[in-house]
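Presented below is the structure to which this report refers.
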Amino acid sequence: MGTTNISTGLQASRIGFLGAGSVVEAILGGILKNSLVPAGQICITNRRNEERLYALCDKYGTQSSTSREELVRQSDLLILAIKPADAEEACLHLRGLVRPDQLIISVVAGVSTDVIQGWLGVECPIIRTMPNTSSAVGLSVTGVAKGRFATEQHLQQALSLFESIGTVYVVLESDLDIITGLSGSGPAYVYYLVEAMEKAGAQAGLSPDIARQLTIETILGAAQMLLHTREEPAILRKKVTSPGGTTQAGIEVLESYHFQEAVVSAVLRAAERAREMGAQYQ
Ligand SMILES: NC(=O)c1ccc[n+]([C@@H]2O[C@H](COP(=O)([O-])OP(=O)(O)OC[C@H]3O[C@@H](n4cnc5c(N)ncnc54)[C@H](OP(=O)(O)O)[C@@H]3O)[C@@H](O)[C@H]2O)c1
C-alpha cells in the first residue's frame, strides 16, 4: 500500500493497547519512530505481568494503566493484542465500556470482527489485522480488513499504524486466515529452512558462524532478486540450474522429498488452524 491523501487524524488520538507483548512492542516502536502519535497519548495495560508493563512503558515513555476500564475510557482507538485464547474473557470484561465511536483494531489471530463485536456488545468500528514478527525490524507485511461498522477513515487510521512497521495490504476479512498461514506464520518456515541449511553447512565442516552468515545472506539476496528483477521465481530458479550441474542435483533431492507439496501443505494447514481457532467462537 502506498501512503494516502485522506487525513487519518491519528496525531490527536489517544491510543490504548490491551496487551503488552511482542506485537505491542513492535507496533509501539513503529508509531514512535514515525512520530504518528506522541508517547504521552499512548496507554498500555496487560493482565498481570506488572514488571513487563512498567518496563515497556519506561522504555517507550508511554502511560501504563493497571485498570482496563480506565484504559478504555480514555482511548479513542483501542488495539487488542492478546492471544486468541484470552480474547473472549478480555472482550467480555470490556462489555458496556466500549463506545460506538471508538475504533477497535485487533491483531488477534483467527477471531472475526463479528465475534469481537458480539463479545463487546456494541456496534463499534473494528479493523482486523494480521502482521508478522518481522514488525520488530520494521519489515512486517500486514493484511488489514474492515469489519461491518468500519469506514474508509477507520481503515486509513489502521493503515497509518501498520505502515509504520512495514508494508500493508487491504484484503477481505475472509482472506485473513490464509494470510495467517502464509505471511503470519511465514517467518517460521524461513527460519526452519535456515536451520536446515546451517546444519548442512556445519555437517560438511563449515564453522557455524560462517554457515549462518552464508545462509542468511543467500536468503536476503534471493528475496532482493525477486523484488528487484520482478522475474518469476521459477524462472530465477531455472537460471541457476544448469542441466547436470550442482543446483540440479540439489533440487532433485528436494523434489524426491516432495518439498513443494510439503510447503503448500504447511501453509494450508496453518490457515486451517487459524479457521479452527476462530470457529471455537462462532
Ligand atoms: N507475534 C506475532 O508476530 C504475531 C503476528 C500476528 C498476530 N499476532 C497475534 O497478536 C496477539 C498478541 O501476540 P503477542 O505475541 O504479542 O502475545 P504475547 O507476547 O503473549 O502478549 C499477550 C499479552 O496479552 C496480555 N493479556 C492477556 N489477557 C489479557 C486480558 N484479559 N486483558 C489485558 N491483557 C491481557 C498479556 O498480559 P500478561 O502477560 O500480564 O498475561 C500479554 O501482555 C495474538 O493474538 C497473536 O495471535 C502475533
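Ligands are numbered from 1 in the order shown, residues from 1 within each chain, and chains are lettered A, B, ... in the order they appear in the C-alpha cells.
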Exercise for review: Apply DSSP to the structure's backbone, then extract all residues of segment 34-185 of chain A labelled strand (DSSP E) and return them as number ranges by chain.
Suggested key: A: 42-45, 63-64, 77-80, 103-106, 126-130, 140-146, 166-170
Point to revise | Selection near His93 of chain A, 9 Å with only C-alpha atoms, sequence-local residues under 5 positions removed, as a PyMOL selection string | key: chain A and resi 68-69+88+119-120
Nearby residues (only C-alpha atoms) at most 12 Å from Tyr191 of chain A, same-chain spacing under 4 positions excluded, as a PDB file with N, CA and C atoms, in the first residue's frame:
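That gives us selection.pdb:
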```pdb
ATOM      1  N   THR A 133       6.086 -11.265  12.655  1.00  0.00           N
ATOM      2  CA  THR A 133       7.110 -10.894  13.650  1.00  0.00           C
ATOM      3  C   THR A 133       8.226 -10.014  13.079  1.00  0.00           C
ATOM      4  N   SER A 134       8.317  -9.915  11.765  1.00  0.00           N
ATOM      5  CA  SER A 134       9.348  -9.035  11.201  1.00  0.00           C
ATOM      6  C   SER A 134       9.012  -7.574  11.484  1.00  0.00           C
ATOM      7  N   SER A 185       2.553 -16.836   9.690  1.00  0.00           N
ATOM      8  CA  SER A 185       3.445 -17.914  10.148  1.00  0.00           C
ATOM      9  C   SER A 185       4.700 -18.008   9.286  1.00  0.00           C
ATOM     10  N   GLY A 186       4.685 -17.319   8.141  1.00  0.00           N
ATOM     11  CA  GLY A 186       5.761 -17.446   7.151  1.00  0.00           C
ATOM     12  C   GLY A 186       7.182 -17.306   7.675  1.00  0.00           C
ATOM     13  N   PRO A 187       7.453 -16.317   8.550  1.00  0.00           N
ATOM     14  CA  PRO A 187       8.835 -16.196   9.019  1.00  0.00           C
ATOM     15  C   PRO A 187       9.358 -17.500   9.631  1.00  0.00           C
ATOM     16  N   GLU A 195      17.641 -23.141   9.533  1.00  0.00           N
ATOM     17  CA  GLU A 195      18.182 -24.168  10.444  1.00  0.00           C
ATOM     18  C   GLU A 195      18.755 -25.328   9.630  1.00  0.00           C
ATOM     19  N   ALA A 196      17.998 -25.755   8.611  1.00  0.00           N
ATOM     20  CA  ALA A 196      18.412 -26.919   7.823  1.00  0.00           C
ATOM     21  C   ALA A 196      19.666 -26.613   7.006  1.00  0.00           C
ATOM     22  N   MET A 197      19.708 -25.412   6.395  1.00  0.00           N
ATOM     23  CA  MET A 197      20.871 -25.067   5.570  1.00  0.00           C
ATOM     24  C   MET A 197      22.124 -24.935   6.435  1.00  0.00           C
ATOM     25  N   GLU A 198      21.938 -24.356   7.629  1.00  0.00           N
ATOM     26  CA  GLU A 198      23.081 -24.231   8.559  1.00  0.00           C
ATOM     27  C   GLU A 198      23.599 -25.605   8.956  1.00  0.00           C
ATOM     28  N   ARG A 212      25.900 -19.868   9.095  1.00  0.00           N
ATOM     29  CA  ARG A 212      24.735 -18.996   9.326  1.00  0.00           C
ATOM     30  C   ARG A 212      24.774 -17.767   8.430  1.00  0.00           C
ATOM     31  N   THR A 215      24.010 -18.536   4.858  1.00  0.00           N
ATOM     32  CA  THR A 215      22.588 -18.853   4.671  1.00  0.00           C
ATOM     33  C   THR A 215      21.744 -17.585   4.682  1.00  0.00           C
ATOM     34  N   ILE A 216      21.976 -16.746   5.704  1.00  0.00           N
ATOM     35  CA  ILE A 216      21.159 -15.520   5.821  1.00  0.00           C
ATOM     36  C   ILE A 216      21.328 -14.657   4.577  1.00  0.00           C
ATOM     37  N   ILE A 219      19.538 -15.961   1.516  1.00  0.00           N
ATOM     38  CA  ILE A 219      18.084 -15.729   1.544  1.00  0.00           C
ATOM     39  C   ILE A 219      17.775 -14.259   1.268  1.00  0.00           C
TER      40      ILE A 219
END
```
Exercise for review: Could you give me the residues within 7 Å of ligand 1, counting only C-alpha atoms and all ligand atoms, as a PyMOL selection string?
Suggested key: chain A and resi 18-24+45-50+68+81-84+86-87+89-90+107-109+130-133+184
May I have the selected residues written with N, CA and C atoms, as a PDB file, in the first residue's frame?
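So the final result, stored in out06.pdb, reads:
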```
ATOM      1  N   LEU A  18      -4.411  -3.068  24.679  1.00  0.00           N
ATOM      2  CA  LEU A  18      -4.784  -4.134  25.601  1.00  0.00           C
ATOM      3  C   LEU A  18      -3.834  -5.292  25.308  1.00  0.00           C
ATOM      4  N   GLY A  19      -2.848  -5.470  26.176  1.00  0.00           N
ATOM      5  CA  GLY A  19      -1.783  -6.428  25.917  1.00  0.00           C
ATOM      6  C   GLY A  19      -0.472  -5.662  25.886  1.00  0.00           C
ATOM      7  N   ALA A  20       0.587  -6.315  26.389  1.00  0.00           N
ATOM      8  CA  ALA A  20       1.900  -5.649  26.438  1.00  0.00           C
ATOM      9  C   ALA A  20       2.970  -6.605  25.941  1.00  0.00           C
ATOM     10  N   GLY A  21       2.612  -7.423  24.954  1.00  0.00           N
ATOM     11  CA  GLY A  21       3.522  -8.452  24.462  1.00  0.00           C
ATOM     12  C   GLY A  21       4.384  -7.981  23.303  1.00  0.00           C
ATOM     13  N   SER A  22       4.880  -8.966  22.528  1.00  0.00           N
ATOM     14  CA  SER A  22       5.847  -8.641  21.482  1.00  0.00           C
ATOM     15  C   SER A  22       5.236  -7.840  20.340  1.00  0.00           C
ATOM     16  N   VAL A  23       3.985  -8.119  19.995  1.00  0.00           N
ATOM     17  CA  VAL A  23       3.356  -7.377  18.893  1.00  0.00           C
ATOM     18  C   VAL A  23       3.188  -5.912  19.291  1.00  0.00           C
ATOM     19  N   VAL A  24       2.785  -5.699  20.548  1.00  0.00           N
ATOM     20  CA  VAL A  24       2.603  -4.324  21.022  1.00  0.00           C
ATOM     21  C   VAL A  24       3.927  -3.570  20.966  1.00  0.00           C
ATOM     22  N   THR A  45      -2.074  -1.541  28.911  1.00  0.00           N
ATOM     23  CA  THR A  45      -2.385  -2.382  30.068  1.00  0.00           C
ATOM     24  C   THR A  45      -2.168  -3.844  29.690  1.00  0.00           C
ATOM     25  N   ASN A  46      -2.011  -4.682  30.696  1.00  0.00           N
ATOM     26  CA  ASN A  46      -1.955  -6.124  30.428  1.00  0.00           C
ATOM     27  C   ASN A  46      -2.776  -6.828  31.496  1.00  0.00           C
ATOM     28  N   ARG A  47      -2.548  -8.110  31.679  1.00  0.00           N
ATOM     29  CA  ARG A  47      -3.406  -8.851  32.613  1.00  0.00           C
ATOM     30  C   ARG A  47      -2.834  -8.837  34.024  1.00  0.00           C
ATOM     31  N   ARG A  48      -1.550  -9.297  34.144  1.00  0.00           N
ATOM     32  CA  ARG A  48      -0.980  -9.369  35.497  1.00  0.00           C
ATOM     33  C   ARG A  48       0.520  -9.125  35.583  1.00  0.00           C
ATOM     34  N   ASN A  49       1.225  -9.171  34.456  1.00  0.00           N
ATOM     35  CA  ASN A  49       2.679  -9.061  34.497  1.00  0.00           C
ATOM     36  C   ASN A  49       3.116  -7.584  34.601  1.00  0.00           C
ATOM     37  N   GLU A  50       3.066  -7.062  35.837  1.00  0.00           N
ATOM     38  CA  GLU A  50       3.333  -5.633  36.034  1.00  0.00           C
ATOM     39  C   GLU A  50       4.774  -5.266  35.682  1.00  0.00           C
ATOM     40  N   ARG A  68      -8.159  -1.816  33.173  1.00  0.00           N
ATOM     41  CA  ARG A  68      -8.624  -1.904  31.781  1.00  0.00           C
ATOM     42  C   ARG A  68      -9.769  -0.932  31.543  1.00  0.00           C
ATOM     43  N   ALA A  81      -4.357  -6.760  21.524  1.00  0.00           N
ATOM     44  CA  ALA A  81      -3.152  -7.533  21.171  1.00  0.00           C
ATOM     45  C   ALA A  81      -2.952  -8.628  22.204  1.00  0.00           C
ATOM     46  N   ILE A  82      -3.949  -9.489  22.299  1.00  0.00           N
ATOM     47  CA  ILE A  82      -3.932 -10.600  23.254  1.00  0.00           C
ATOM     48  C   ILE A  82      -4.022 -11.907  22.488  1.00  0.00           C
ATOM     49  N   LYS A  83      -3.688 -13.000  23.114  1.00  0.00           N
ATOM     50  CA  LYS A  83      -3.744 -14.305  22.447  1.00  0.00           C
ATOM     51  C   LYS A  83      -5.214 -14.675  22.198  1.00  0.00           C
ATOM     52  N   PRO A  84      -5.489 -15.447  21.137  1.00  0.00           N
ATOM     53  CA  PRO A  84      -6.877 -15.824  20.857  1.00  0.00           C
ATOM     54  C   PRO A  84      -7.575 -16.465  22.064  1.00  0.00           C
ATOM     55  N   ASP A  86      -7.291 -15.807  25.085  1.00  0.00           N
ATOM     56  CA  ASP A  86      -7.635 -14.829  26.129  1.00  0.00           C
ATOM     57  C   ASP A  86      -8.646 -13.800  25.637  1.00  0.00           C
ATOM     58  N   ALA A  87      -8.962 -13.853  24.333  1.00  0.00           N
ATOM     59  CA  ALA A  87      -9.714 -12.738  23.738  1.00  0.00           C
ATOM     60  C   ALA A  87     -11.148 -12.647  24.275  1.00  0.00           C
ATOM     61  N   GLU A  89     -12.501 -13.622  27.182  1.00  0.00           N
ATOM     62  CA  GLU A  89     -12.553 -13.101  28.561  1.00  0.00           C
ATOM     63  C   GLU A  89     -12.230 -11.597  28.571  1.00  0.00           C
ATOM     64  N   ALA A  90     -11.196 -11.228  27.788  1.00  0.00           N
ATOM     65  CA  ALA A  90     -10.779  -9.813  27.777  1.00  0.00           C
ATOM     66  C   ALA A  90     -11.885  -8.927  27.206  1.00  0.00           C
ATOM     67  N   VAL A 107      -5.359  -7.542  16.491  1.00  0.00           N
ATOM     68  CA  VAL A 107      -4.321  -8.365  15.848  1.00  0.00           C
ATOM     69  C   VAL A 107      -4.505  -9.832  16.263  1.00  0.00           C
ATOM     70  N   VAL A 108      -5.631 -10.133  16.884  1.00  0.00           N
ATOM     71  CA  VAL A 108      -5.869 -11.480  17.414  1.00  0.00           C
ATOM     72  C   VAL A 108      -6.107 -12.466  16.260  1.00  0.00           C
ATOM     73  N   ALA A 109      -5.279 -13.494  16.192  1.00  0.00           N
ATOM     74  CA  ALA A 109      -5.370 -14.452  15.084  1.00  0.00           C
ATOM     75  C   ALA A 109      -6.684 -15.233  15.145  1.00  0.00           C
ATOM     76  N   MET A 130      -3.459  -8.818  10.391  1.00  0.00           N
ATOM     77  CA  MET A 130      -2.526  -9.928  10.613  1.00  0.00           C
ATOM     78  C   MET A 130      -1.123  -9.479  10.213  1.00  0.00           C
ATOM     79  N   PRO A 131      -0.362  -8.955  11.194  1.00  0.00           N
ATOM     80  CA  PRO A 131       1.043  -8.618  10.917  1.00  0.00           C
ATOM     81  C   PRO A 131       1.926  -9.853  11.070  1.00  0.00           C
ATOM     82  N   ASN A 132       3.229  -9.711  10.955  1.00  0.00           N
ATOM     83  CA  ASN A 132       4.112 -10.835  11.318  1.00  0.00           C
ATOM     84  C   ASN A 132       5.283 -10.331  12.160  1.00  0.00           C
ATOM     85  N   THR A 133       6.086 -11.265  12.655  1.00  0.00           N
ATOM     86  CA  THR A 133       7.110 -10.894  13.650  1.00  0.00           C
ATOM     87  C   THR A 133       8.226 -10.014  13.079  1.00  0.00           C
ATOM     88  N   GLY A 184       1.726 -14.619   8.118  1.00  0.00           N
ATOM     89  CA  GLY A 184       1.746 -14.550   9.583  1.00  0.00           C
ATOM     90  C   GLY A 184       2.709 -15.586  10.144  1.00  0.00           C
TER      91      GLY A 184
END
```
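Excluding Gly110 of chain A and any residue on its chain fewer than 3 positions from it, the residues at most 6 Å away by only C-alpha atoms are A:Ala274, A:Arg275, A:Met277, A:Gly278.
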